Amino acid sequence: MSASSFDGSLQKWQASVDKLLAKRPERKAQFNTISDLPVDRLYLPQEPGEDYAGKIGFPGQYPYTRGVQPNMYRGRLWTMRQYAGFATAAESNKRYRYLLEQGQTGLSVAFDLPTQIGYDADHALAHGEVGKVGVSISSLADMELLFDQIPLDKVSTSMTINSPASVLLAMYIAVAEKQGVTPDQLRGTIQNDILKEYSSRGTYIFPPRPSMRIITDIFAYCAQEVPQWNTISISGYHIREAGSTAVQEVAFTLANGMSYVQAAIEAGLDVDQFGPRLSFFFNAHSDFLEEVAKYRAARRLWARIMKERFGATNPKSQMIRFHTQTAGCSLTAQQPKNNIMRVAFQAMSAVLGGTQSLHTNSMDEALCLPTQDSVTIALRTQQVIGYETGVTETIDPLAGSYYVEALTDEIERNAEEYIKRIDEMGGSVSAIEQGFVQREIQEAAYKYQKDVESGERVVVGVNKFITNEEFTGERLKVDPIVGQEQAKRLAKLRAERDNAAVDANLAALKTAAQGTENLMPRILDCVRVYATLGEICDTMRGVYGEYQAPVTI
Amino acid sequence: MSKIRVLAAKPGLDGHDRGVKVIASALRDAGMEVIYTGLRQSPEQIVSAAMQEDVDVVCLSVLSGAHDYLFPRIMELMREKGLEDVLVIGGGIIPEEDIPALKQAGIADVFGPGTKTDEIVEYIKANLKRSVG
């Protein structure tokens, strides 16, 4: 990399910043430290090395190591997005409206397990699970309550839904229609990442092949009809929670991403049409600088994969835009207030790593569902980082640290090696079917546990500085009556809706599922006439069958 | 001497199996024979597996909050099948105040986050209801 090439990239970056500023000013006219020293937008090496521009480069420029926007948080802070949702749609609606009033800028919907696995609230397997880990949604009627008085053209909504993502997205579109909001105005994300469900999270329904087809149908449909929607959130979060290392998190996530891109290309889609709507989701664990390096490495590696392997030329296809959540698995039931500090450091690593949105966990999550008080502290933690600590005033402040750059290189190199092994197995679908990914994660999880038990790895309050402090705070509990009430609502719905229309639309969906036409319009027709989630998923189960997980232990 | 036989089970719908797999590995390293059911097992499936595999211990793991229904239901079925001599323990995200009711239902003990695997190994050895060996 010659000096003139460095200068060229610098000029290009400056021009992109000027263009942004012409559209919207930064948060402040002048950024200063608390001592009133001026803070520049970007700091660069005095004498850039040969490989600087190619490896580290400039924010908003390939390979995006320093971030995906030219001015990062000087322009706008990340989206503070707390994952929430419990019990009934009406109660969750109340929590969302509270969070929006408190200054939260996006919604994130947690669904209960029956919803995530495509069972109605009155299904036998739903017993004891309704409303427990999220909101129970069985039909459009529930979805209407969930977003009551929330203008869907004004908020962006992230939905943690995978196997039945097509159905929940269809319900969201249908609710918007009733508010007079057109699909092209909708902003948000569906998780829609089935591969990590097989390896790490467990809410799968159908086998891999039909699941990949549903996913590419969603890509194609949204590219036309819901262009601002993030059609997938390729998630390392749960891989990490299941026990993986940071390297494995990057490797398995990007390998899954490659499988989706490959499937979409094989389905005839243009990589630069769906590529910009791919989003990612990472974990923020406790090894602070390793986490910062991890996000930087993931950005660089994905950019190269998209450009070199898939021939993406649109910069937006090459960028990893990602959400981050702090590591639930790092929280301790012992001395739970310590979790506030853990979450703060983890959140800070995500910010220094350039995240686009962030969820901070609540201190009581190793004990119960988070209470309103603990959720508020978690949100305040983000606000303190964003508005008080100063780390947002300059772009990628840790760039150039010998350690962080070396670790970034090392994570990238190790992740690439894993990806190569997965390639040799025929891609991540095969690697998961063979149990390779699951076994790797499991071994890492067991090693971590043994290190904690031997004292090799210190966890404050668990294996060092132990006290007998009892948790005395309030705990949130879901009333078991919720399941019965949902069942009653469903019975009423089934009695009152136009059942002939439901049957006709489910039959049309079945035909579509057996053929090759895009399923999304059919699913939308079904939800509009109040066919339930369970009925729609059962129709598809009838065609596709169910996934049987290999037991890897 | 024959090995202690353990069924590690995931009742309900939650997919969090990191804990149950870590414990299964630890029990195996401690010389026990461990069978893991995989995810999403109904109470009926778990009890039938416990019977077929002739296990001495059942370890149940739930992180979704559905333990208050699932654990007592499993114990009810265990009694119906005459498996009173099987030691049943639980783990997961289980609030302290729920534990007395679970013990009342027949769960011998509940181990929460942060428990050492050694502690569970020792507990099992000390509390078996059948003589093994």
# chains A, B, ... in the order shown; residues from 1 in each chain; ligands from 1
$ closest_atom_pairs --of "segment 100-121 of chain B" --to "segment 69-85 of chain B" --cutoff "12 Å" --atoms "only C-alpha atoms" --output "CSV"
residue,atom,partner,partner_atom,distance
B:Pro100,CA,B:Pro72,CA,11.7
B:Ala101,CA,B:Pro72,CA,8.7
B:Leu102,CA,B:Pro72,CA,6.6
B:Lys103,CA,B:Pro72,CA,9.1
B:Gln104,CA,B:Pro72,CA,8.8
B:Ala105,CA,B:Pro72,CA,5.4
B:Gly106,CA,B:Met75,CA,6.2
B:Ile107,CA,B:Met75,CA,7.3
B:Ala108,CA,B:Met75,CA,10.5
B:Asp109,CA,B:Phe71,CA,11.5
B:Val110,CA,B:Phe71,CA,10.8
$ residues_around --residues "Val343 of chain A" --least-positions-apart "4" --cutoff "8 Å" --atoms "only C-alpha atoms" --output "ChimeraX atom specification"
/A:326-327,339,347,360-363,378
$ interface_residues --of "chain A" --to "chain B" --cutoff "7 Å" --atoms "only C-alpha atoms" --output "number ranges by chain"
A: 113, 128-129, 132-133, 201-203, 242-243, 332-333, 366-368, 445-446, 453, 462, 551
$ write_last_selection --atoms "C-alpha atoms" --output "PDB file, in the first residue's frame"
ATOM      1  CA  LEU A 113     -41.618 -21.055  23.302  1.00  0.00           C
ATOM      2  CA  GLY A 128     -46.756 -24.799  31.346  1.00  0.00           C
ATOM      3  CA  GLU A 129     -44.897 -22.753  28.721  1.00  0.00           C
ATOM      4  CA  LYS A 132     -43.205 -17.780  30.200  1.00  0.00           C
ATOM      5  CA  VAL A 133     -40.183 -16.562  28.234  1.00  0.00           C
ATOM      6  CA  ARG A 201     -30.865 -22.655  20.379  1.00  0.00           C
ATOM      7  CA  GLY A 202     -33.301 -25.465  19.708  1.00  0.00           C
ATOM      8  CA  THR A 203     -36.462 -23.815  18.334  1.00  0.00           C
ATOM      9  CA  ALA A 242     -24.245 -22.488  24.246  1.00  0.00           C
ATOM     10  CA  GLY A 243     -20.599 -22.341  25.262  1.00  0.00           C
ATOM     11  CA  THR A 332     -24.345 -15.182  38.153  1.00  0.00           C
ATOM     12  CA  ALA A 333     -27.074 -16.111  40.562  1.00  0.00           C
ATOM     13  CA  ALA A 366     -29.810 -15.834  36.338  1.00  0.00           C
ATOM     14  CA  LEU A 367     -32.681 -15.923  38.826  1.00  0.00           C
ATOM     15  CA  CYS A 368     -35.883 -15.078  37.009  1.00  0.00           C
ATOM     16  CA  ALA A 445     -18.503 -25.279  27.220  1.00  0.00           C
ATOM     17  CA  TYR A 446     -17.222 -28.194  29.272  1.00  0.00           C
ATOM     18  CA  GLU A 453     -14.400 -25.235  38.962  1.00  0.00           C
ATOM     19  CA  VAL A 462     -18.890 -17.833  42.460  1.00  0.00           C
ATOM     20  CA  VAL A 551     -28.149 -36.349  19.952  1.00  0.00           C
TER      21      VAL A 551
END
$ atom_distance --atom1 "atom CA of Glu485 of chain A" --atom2 "atom CA of Ser374 of chain A"
27.8 Å
$ residues_around --residues "Tyr119 of chain A" --least-positions-apart "5" --cutoff "7 Å" --atoms "only C-alpha atoms" --output "VMD selection string"
chain A and resid 114 126 533 to 534
$ write_last_selection --atoms "C-alpha atoms" --output "mmCIF file, in the first residue's frame"
data_model
loop_
_atom_site.group_PDB
_atom_site.id
_atom_site.type_symbol
_atom_site.label_atom_id
_atom_site.label_comp_id
_atom_site.auth_asym_id
_atom_site.auth_seq_id
_atom_site.Cartn_x
_atom_site.Cartn_y
_atom_site.Cartn_z
ATOM 1 C CA PRO A 114 -44.890 -22.414 21.892
ATOM 2 C CA ALA A 126 -47.569 -25.746 25.230
ATOM 3 C CA LEU A 533 -49.934 -19.836 13.865
ATOM 4 C CA GLY A 534 -50.391 -23.497 14.773
#
$ residues_around --residues "Ser61 of chain B" --least-positions-apart "3" --cutoff "7 Å" --atoms "only C-alpha atoms" --output "VMD selection string"
chain B and resid 9 to 10 20 90 to 92
$ write_last_selection --atoms "C-alpha atoms" --output "mmCIF file, in the first residue's frame"
data_model
loop_
_atom_site.group_PDB
_atom_site.id
_atom_site.type_symbol
_atom_site.label_atom_id
_atom_site.label_comp_id
_atom_site.auth_asym_id
_atom_site.auth_seq_id
_atom_site.Cartn_x
_atom_site.Cartn_y
_atom_site.Cartn_z
ATOM 1 C CA ALA B 9 -33.511 -35.070 30.356
ATOM 2 C CA LYS B 10 -34.849 -31.849 28.852
ATOM 3 C CA VAL B 20 -27.490 -30.483 30.925
ATOM 4 C CA GLY B 90 -33.625 -30.789 38.901
ATOM 5 C CA GLY B 91 -31.700 -27.800 37.629
ATOM 6 C CA GLY B 92 -32.013 -24.634 35.576
#
$ select_by_dssp --residues "segment 54-130 of chain B" --states "strand (DSSP E or B)" --output "short mmCIF file (atom, residue, chain, number, x, y, z; two decimals) with N, CA and C atoms, in the first residue's frame"
data_model
loop_
_atom_site.label_atom_id
_atom_site.label_comp_id
_atom_site.auth_asym_id
_atom_site.auth_seq_id
_atom_site.Cartn_x
_atom_site.Cartn_y
_atom_site.Cartn_z
N VAL B 57 -30.96 -42.73 38.34
CA VAL B 57 -31.08 -41.29 38.57
C VAL B 57 -31.67 -40.62 37.33
N VAL B 58 -32.56 -39.62 37.56
CA VAL B 58 -33.02 -38.77 36.46
C VAL B 58 -32.64 -37.33 36.80
N CYS B 59 -31.94 -36.66 35.88
CA CYS B 59 -31.60 -35.24 36.05
C CYS B 59 -32.45 -34.44 35.08
N LEU B 60 -33.26 -33.54 35.61
CA LEU B 60 -34.15 -32.74 34.76
C LEU B 60 -33.62 -31.32 34.66
N SER B 61 -33.65 -30.77 33.46
CA SER B 61 -33.17 -29.40 33.29
C SER B 61 -34.21 -28.56 32.56
N VAL B 62 -34.63 -27.46 33.18
CA VAL B 62 -35.60 -26.55 32.56
C VAL B 62 -35.15 -25.12 32.80
N LEU B 87 -33.83 -41.78 41.93
CA LEU B 87 -33.52 -40.45 42.46
C LEU B 87 -33.74 -39.42 41.35
N VAL B 88 -34.59 -38.41 41.61
CA VAL B 88 -34.84 -37.38 40.59
C VAL B 88 -34.38 -36.03 41.12
N ILE B 89 -33.47 -35.39 40.36
CA ILE B 89 -33.02 -34.06 40.74
C ILE B 89 -33.27 -33.09 39.58
N GLY B 90 -33.31 -31.79 39.92
CA GLY B 90 -33.63 -30.79 38.90
C GLY B 90 -32.59 -29.69 38.86
N GLY B 91 -32.60 -28.94 37.75
CA GLY B 91 -31.70 -27.80 37.63
C GLY B 91 -32.22 -26.83 36.59
N GLY B 92 -31.59 -25.65 36.54
CA GLY B 92 -32.01 -24.63 35.58
C GLY B 92 -32.22 -23.31 36.27
N ASP B 109 -33.74 -32.75 45.02
CA ASP B 109 -33.10 -31.46 45.24
C ASP B 109 -32.99 -30.70 43.92
N VAL B 110 -32.72 -29.39 44.05
CA VAL B 110 -32.65 -28.54 42.87
C VAL B 110 -31.31 -27.80 42.89
N PHE B 111 -30.60 -27.84 41.76
CA PHE B 111 -29.28 -27.22 41.67
C PHE B 111 -29.32 -26.08 40.67
#
$ closest_residue --among "A:Gln486, A:Gln325, A:Ser430, A:Gln149" --to "Gln382 of chain A" --atoms "only C-alpha atoms"
A:Gln325
$ residues_around --residues "segment 230-239 of chain A" --least-positions-apart "5" --cutoff "9 Å" --atoms "only C-alpha atoms" --output "number ranges by chain"
A: 158, 160, 162, 187-197, 199-201, 215, 218-219, 222-223, 244-245, 248-254, 256-257, 274, 276-284, 322-327, 441
$ closest_residue --among "A:Ile340, A:Ile214, A:Val226, A:Tyr530" --to "Leu493 of chain A" --atoms "only C-alpha atoms"
A:Tyr530
$ residues_around --residues "Ser108 of chain A" --least-positions-apart "3" --cutoff "12 Å" --atoms "only C-alpha atoms" --output "count of residues only"
38
$ select_by_dssp --residues "chain B" --states "alpha helix (DSSP H)" --output "JSON, numbers by chain"
{"B": [18, 19, 20, 21, 22, 23, 24, 25, 26, 27, 28, 29, 43, 44, 45, 46, 47, 48, 49, 50, 51, 52, 67, 68, 69, 70, 71, 72, 73, 74, 75, 76, 77, 78, 79, 80, 99, 100, 101, 102, 103, 104, 117, 118, 119, 120, 121, 122, 123, 124, 125, 126, 127]}
$ write_last_selection --atoms "C-alpha atoms" --output "PDB file, in the first residue's frame"
ATOM      1  CA  ARG B  18     -25.562 -26.237  27.667  1.00  0.00           C
ATOM      2  CA  GLY B  19     -26.062 -27.010  31.348  1.00  0.00           C
ATOM      3  CA  VAL B  20     -27.490 -30.483  30.925  1.00  0.00           C
ATOM      4  CA  LYS B  21     -24.721 -31.439  28.504  1.00  0.00           C
ATOM      5  CA  VAL B  22     -21.997 -30.126  30.806  1.00  0.00           C
ATOM      6  CA  ILE B  23     -23.477 -32.123  33.669  1.00  0.00           C
ATOM      7  CA  ALA B  24     -23.825 -35.216  31.498  1.00  0.00           C
ATOM      8  CA  SER B  25     -20.137 -34.956  30.588  1.00  0.00           C
ATOM      9  CA  ALA B  26     -19.131 -34.462  34.217  1.00  0.00           C
ATOM     10  CA  LEU B  27     -21.179 -37.437  35.416  1.00  0.00           C
ATOM     11  CA  ARG B  28     -19.669 -39.566  32.675  1.00  0.00           C
ATOM     12  CA  ASP B  29     -16.164 -38.442  33.679  1.00  0.00           C
ATOM     13  CA  PRO B  43     -43.134 -35.997  30.692  1.00  0.00           C
ATOM     14  CA  GLU B  44     -44.439 -39.286  29.276  1.00  0.00           C
ATOM     15  CA  GLN B  45     -41.388 -39.746  27.048  1.00  0.00           C
ATOM     16  CA  ILE B  46     -39.001 -39.043  29.925  1.00  0.00           C
ATOM     17  CA  VAL B  47     -40.651 -41.483  32.300  1.00  0.00           C
ATOM     18  CA  SER B  48     -40.795 -44.155  29.653  1.00  0.00           C
ATOM     19  CA  ALA B  49     -37.085 -43.634  28.884  1.00  0.00           C
ATOM     20  CA  ALA B  50     -36.283 -43.854  32.605  1.00  0.00           C
ATOM     21  CA  MET B  51     -38.087 -47.174  32.755  1.00  0.00           C
ATOM     22  CA  GLN B  52     -36.662 -48.653  29.568  1.00  0.00           C
ATOM     23  CA  HIS B  67     -40.650 -26.442  35.857  1.00  0.00           C
ATOM     24  CA  ASP B  68     -43.654 -25.640  38.052  1.00  0.00           C
ATOM     25  CA  TYR B  69     -45.846 -27.713  35.751  1.00  0.00           C
ATOM     26  CA  LEU B  70     -43.355 -30.186  34.275  1.00  0.00           C
ATOM     27  CA  PHE B  71     -41.492 -31.405  37.380  1.00  0.00           C
ATOM     28  CA  PRO B  72     -44.587 -32.378  39.396  1.00  0.00           C
ATOM     29  CA  ARG B  73     -46.136 -33.974  36.296  1.00  0.00           C
ATOM     30  CA  ILE B  74     -43.039 -36.134  35.789  1.00  0.00           C
ATOM     31  CA  MET B  75     -43.052 -37.183  39.449  1.00  0.00           C
ATOM     32  CA  GLU B  76     -46.701 -38.128  39.187  1.00  0.00           C
ATOM     33  CA  LEU B  77     -45.959 -40.374  36.198  1.00  0.00           C
ATOM     34  CA  MET B  78     -42.882 -41.838  37.926  1.00  0.00           C
ATOM     35  CA  ARG B  79     -45.055 -42.937  40.822  1.00  0.00           C
ATOM     36  CA  GLU B  80     -47.692 -44.353  38.487  1.00  0.00           C
ATOM     37  CA  ILE B  99     -38.177 -25.195  45.415  1.00  0.00           C
ATOM     38  CA  PRO B 100     -40.264 -26.292  48.459  1.00  0.00           C
ATOM     39  CA  ALA B 101     -43.222 -27.172  46.209  1.00  0.00           C
ATOM     40  CA  LEU B 102     -40.955 -29.128  43.855  1.00  0.00           C
ATOM     41  CA  LYS B 103     -39.490 -31.071  46.781  1.00  0.00           C
ATOM     42  CA  GLN B 104     -42.986 -31.691  48.022  1.00  0.00           C
ATOM     43  CA  THR B 117     -20.409 -30.405  38.960  1.00  0.00           C
ATOM     44  CA  ASP B 118     -18.462 -32.212  41.730  1.00  0.00           C
ATOM     45  CA  GLU B 119     -21.183 -31.262  44.146  1.00  0.00           C
ATOM     46  CA  ILE B 120     -23.784 -32.966  41.950  1.00  0.00           C
ATOM     47  CA  VAL B 121     -21.611 -36.087  41.587  1.00  0.00           C
ATOM     48  CA  GLU B 122     -21.228 -36.330  45.363  1.00  0.00           C
ATOM     49  CA  TYR B 123     -24.913 -35.664  45.913  1.00  0.00           C
ATOM     50  CA  ILE B 124     -25.927 -38.460  43.582  1.00  0.00           C
ATOM     51  CA  LYS B 125     -23.525 -40.952  45.178  1.00  0.00           C
ATOM     52  CA  ALA B 126     -24.780 -40.084  48.650  1.00  0.00           C
ATOM     53  CA  ASN B 127     -28.483 -40.095  47.869  1.00  0.00           C
TER      54      ASN B 127
END
$ atom_distance --atom1 "atom CA of Gly103 of chain A" --atom2 "atom CA of Leu476 of chain A"
22.7 Å
$ residues_around --residues "Gly118 of chain A" --least-positions-apart "3" --cutoff "12 Å" --atoms "only C-alpha atoms" --output "MDAnalysis selection string"
(chainID A and resid 111:115 121:123 125:126 136:139 161:168 203:206 532:541 546) or (chainID B and resid 13)
$ write_last_selection --atoms "N, CA and C atoms" --output "mmCIF file, in the first residue's frame"
data_model
loop_
_atom_site.group_PDB
_atom_site.id
_atom_site.type_symbol
_atom_site.label_atom_id
_atom_site.label_comp_id
_atom_site.auth_asym_id
_atom_site.auth_seq_id
_atom_site.Cartn_x
_atom_site.Cartn_y
_atom_site.Cartn_z
ATOM 1 N N PHE A 111 -40.811 -13.818 22.096
ATOM 2 C CA PHE A 111 -41.992 -14.674 22.022
ATOM 3 C C PHE A 111 -41.826 -15.859 22.962
ATOM 4 N N ASP A 112 -42.945 -16.406 23.420
ATOM 5 C CA ASP A 112 -42.828 -17.596 24.271
ATOM 6 C C ASP A 112 -42.459 -18.809 23.405
ATOM 7 N N LEU A 113 -42.128 -19.904 24.054
ATOM 8 C CA LEU A 113 -41.618 -21.055 23.302
ATOM 9 C C LEU A 113 -42.657 -21.699 22.389
ATOM 10 N N PRO A 114 -43.919 -21.854 22.841
ATOM 11 C CA PRO A 114 -44.890 -22.414 21.892
ATOM 12 C C PRO A 114 -44.954 -21.587 20.598
ATOM 13 N N THR A 115 -44.960 -20.265 20.714
ATOM 14 C CA THR A 115 -44.988 -19.420 19.520
ATOM 15 C C THR A 115 -43.753 -19.683 18.660
ATOM 16 N N ALA A 121 -51.375 -21.667 21.645
ATOM 17 C CA ALA A 121 -51.306 -21.668 23.110
ATOM 18 C C ALA A 121 -52.080 -22.823 23.738
ATOM 19 N N ASP A 122 -53.008 -23.428 22.978
ATOM 20 C CA ASP A 122 -53.784 -24.525 23.569
ATOM 21 C C ASP A 122 -53.269 -25.912 23.149
ATOM 22 N N HIS A 123 -52.106 -25.976 22.533
ATOM 23 C CA HIS A 123 -51.515 -27.266 22.148
ATOM 24 C C HIS A 123 -51.014 -28.002 23.395
ATOM 25 N N LEU A 125 -48.323 -29.654 24.004
ATOM 26 C CA LEU A 125 -46.923 -29.399 24.360
ATOM 27 C C LEU A 125 -46.695 -27.982 24.896
ATOM 28 N N ALA A 126 -47.707 -27.121 24.742
ATOM 29 C CA ALA A 126 -47.569 -25.746 25.230
ATOM 30 C C ALA A 126 -47.842 -25.655 26.730
ATOM 31 N N SER A 136 -47.132 -14.654 24.145
ATOM 32 C CA SER A 136 -47.803 -15.724 23.418
ATOM 33 C C SER A 136 -48.597 -15.114 22.266
ATOM 34 N N ILE A 137 -48.260 -15.519 21.043
ATOM 35 C CA ILE A 137 -48.985 -15.031 19.860
ATOM 36 C C ILE A 137 -49.486 -16.238 19.072
ATOM 37 N N SER A 138 -50.797 -16.383 19.026
ATOM 38 C CA SER A 138 -51.337 -17.514 18.261
ATOM 39 C C SER A 138 -52.035 -17.070 16.982
ATOM 40 N N SER A 139 -52.387 -15.786 16.915
ATOM 41 C CA SER A 139 -53.073 -15.331 15.694
ATOM 42 C C SER A 139 -52.899 -13.829 15.531
ATOM 43 N N ILE A 161 -37.673 -14.474 16.204
ATOM 44 C CA ILE A 161 -38.505 -15.567 15.721
ATOM 45 C C ILE A 161 -37.770 -16.198 14.549
ATOM 46 N N ASN A 162 -37.738 -17.517 14.519
ATOM 47 C CA ASN A 162 -36.919 -18.192 13.522
ATOM 48 C C ASN A 162 -37.731 -19.097 12.614
ATOM 49 N N SER A 163 -38.012 -20.299 13.068
ATOM 50 C CA SER A 163 -38.686 -21.229 12.180
ATOM 51 C C SER A 163 -40.015 -20.668 11.653
ATOM 52 N N PRO A 164 -40.878 -20.074 12.492
ATOM 53 C CA PRO A 164 -42.111 -19.483 11.957
ATOM 54 C C PRO A 164 -41.985 -17.987 11.647
ATOM 55 N N ALA A 165 -40.796 -17.516 11.291
ATOM 56 C CA ALA A 165 -40.592 -16.080 11.051
ATOM 57 C C ALA A 165 -41.507 -15.558 9.954
ATOM 58 N N SER A 166 -41.729 -16.384 8.937
ATOM 59 C CA SER A 166 -42.582 -15.943 7.822
ATOM 60 C C SER A 166 -43.986 -15.597 8.326
ATOM 61 N N VAL A 167 -44.478 -16.363 9.280
ATOM 62 C CA VAL A 167 -45.837 -16.163 9.773
ATOM 63 C C VAL A 167 -45.928 -14.899 10.630
ATOM 64 N N LEU A 168 -44.955 -14.712 11.511
ATOM 65 C CA LEU A 168 -44.983 -13.534 12.375
ATOM 66 C C LEU A 168 -44.746 -12.263 11.572
ATOM 67 N N THR A 203 -35.059 -24.009 18.739
ATOM 68 C CA THR A 203 -36.462 -23.815 18.334
ATOM 69 C C THR A 203 -36.655 -24.044 16.833
ATOM 70 N N TYR A 204 -36.261 -25.215 16.385
ATOM 71 C CA TYR A 204 -36.469 -25.580 14.979
ATOM 72 C C TYR A 204 -37.828 -26.254 14.822
ATOM 73 N N ILE A 205 -38.329 -26.268 13.598
ATOM 74 C CA ILE A 205 -39.523 -27.059 13.292
ATOM 75 C C ILE A 205 -39.201 -28.015 12.137
ATOM 76 N N PHE A 206 -38.954 -27.415 10.960
ATOM 77 C CA PHE A 206 -38.806 -28.216 9.741
ATOM 78 C C PHE A 206 -37.348 -28.623 9.533
ATOM 79 N N THR A 532 -54.619 -19.589 12.551
ATOM 80 C CA THR A 532 -53.690 -19.449 13.669
ATOM 81 C C THR A 532 -52.278 -19.872 13.247
ATOM 82 N N LEU A 533 -51.330 -19.454 14.080
ATOM 83 C CA LEU A 533 -49.934 -19.836 13.865
ATOM 84 C C LEU A 533 -49.804 -21.355 13.797
ATOM 85 N N GLY A 534 -50.478 -22.039 14.726
ATOM 86 C CA GLY A 534 -50.391 -23.497 14.773
ATOM 87 C C GLY A 534 -50.959 -24.138 13.512
ATOM 88 N N GLU A 535 -52.055 -23.592 13.034
ATOM 89 C CA GLU A 535 -52.673 -24.157 11.818
ATOM 90 C C GLU A 535 -51.762 -23.972 10.606
ATOM 91 N N ILE A 536 -51.162 -22.800 10.519
ATOM 92 C CA ILE A 536 -50.278 -22.524 9.381
ATOM 93 C C ILE A 536 -49.041 -23.430 9.446
ATOM 94 N N CYS A 537 -48.447 -23.528 10.645
ATOM 95 C CA CYS A 537 -47.249 -24.365 10.776
ATOM 96 C C CYS A 537 -47.584 -25.848 10.596
ATOM 97 N N ASP A 538 -48.763 -26.266 11.071
ATOM 98 C CA ASP A 538 -49.160 -27.667 10.864
ATOM 99 C C ASP A 538 -49.320 -27.982 9.380
ATOM 100 N N THR A 539 -49.847 -27.028 8.645
ATOM 101 C CA THR A 539 -49.980 -27.222 7.196
ATOM 102 C C THR A 539 -48.597 -27.469 6.587
ATOM 103 N N MET A 540 -47.632 -26.675 7.006
ATOM 104 C CA MET A 540 -46.277 -26.846 6.466
ATOM 105 C C MET A 540 -45.610 -28.110 7.017
ATOM 106 N N ARG A 541 -45.900 -28.449 8.287
ATOM 107 C CA ARG A 541 -45.373 -29.713 8.838
ATOM 108 C C ARG A 541 -45.856 -30.893 7.995
ATOM 109 N N GLU A 546 -40.846 -32.886 10.197
ATOM 110 C CA GLU A 546 -40.172 -32.184 11.287
ATOM 111 C C GLU A 546 -38.719 -32.630 11.396
ATOM 112 N N LEU B 13 -40.144 -27.208 26.201
ATOM 113 C CA LEU B 13 -39.799 -26.733 24.870
ATOM 114 C C LEU B 13 -38.491 -25.958 24.803
#
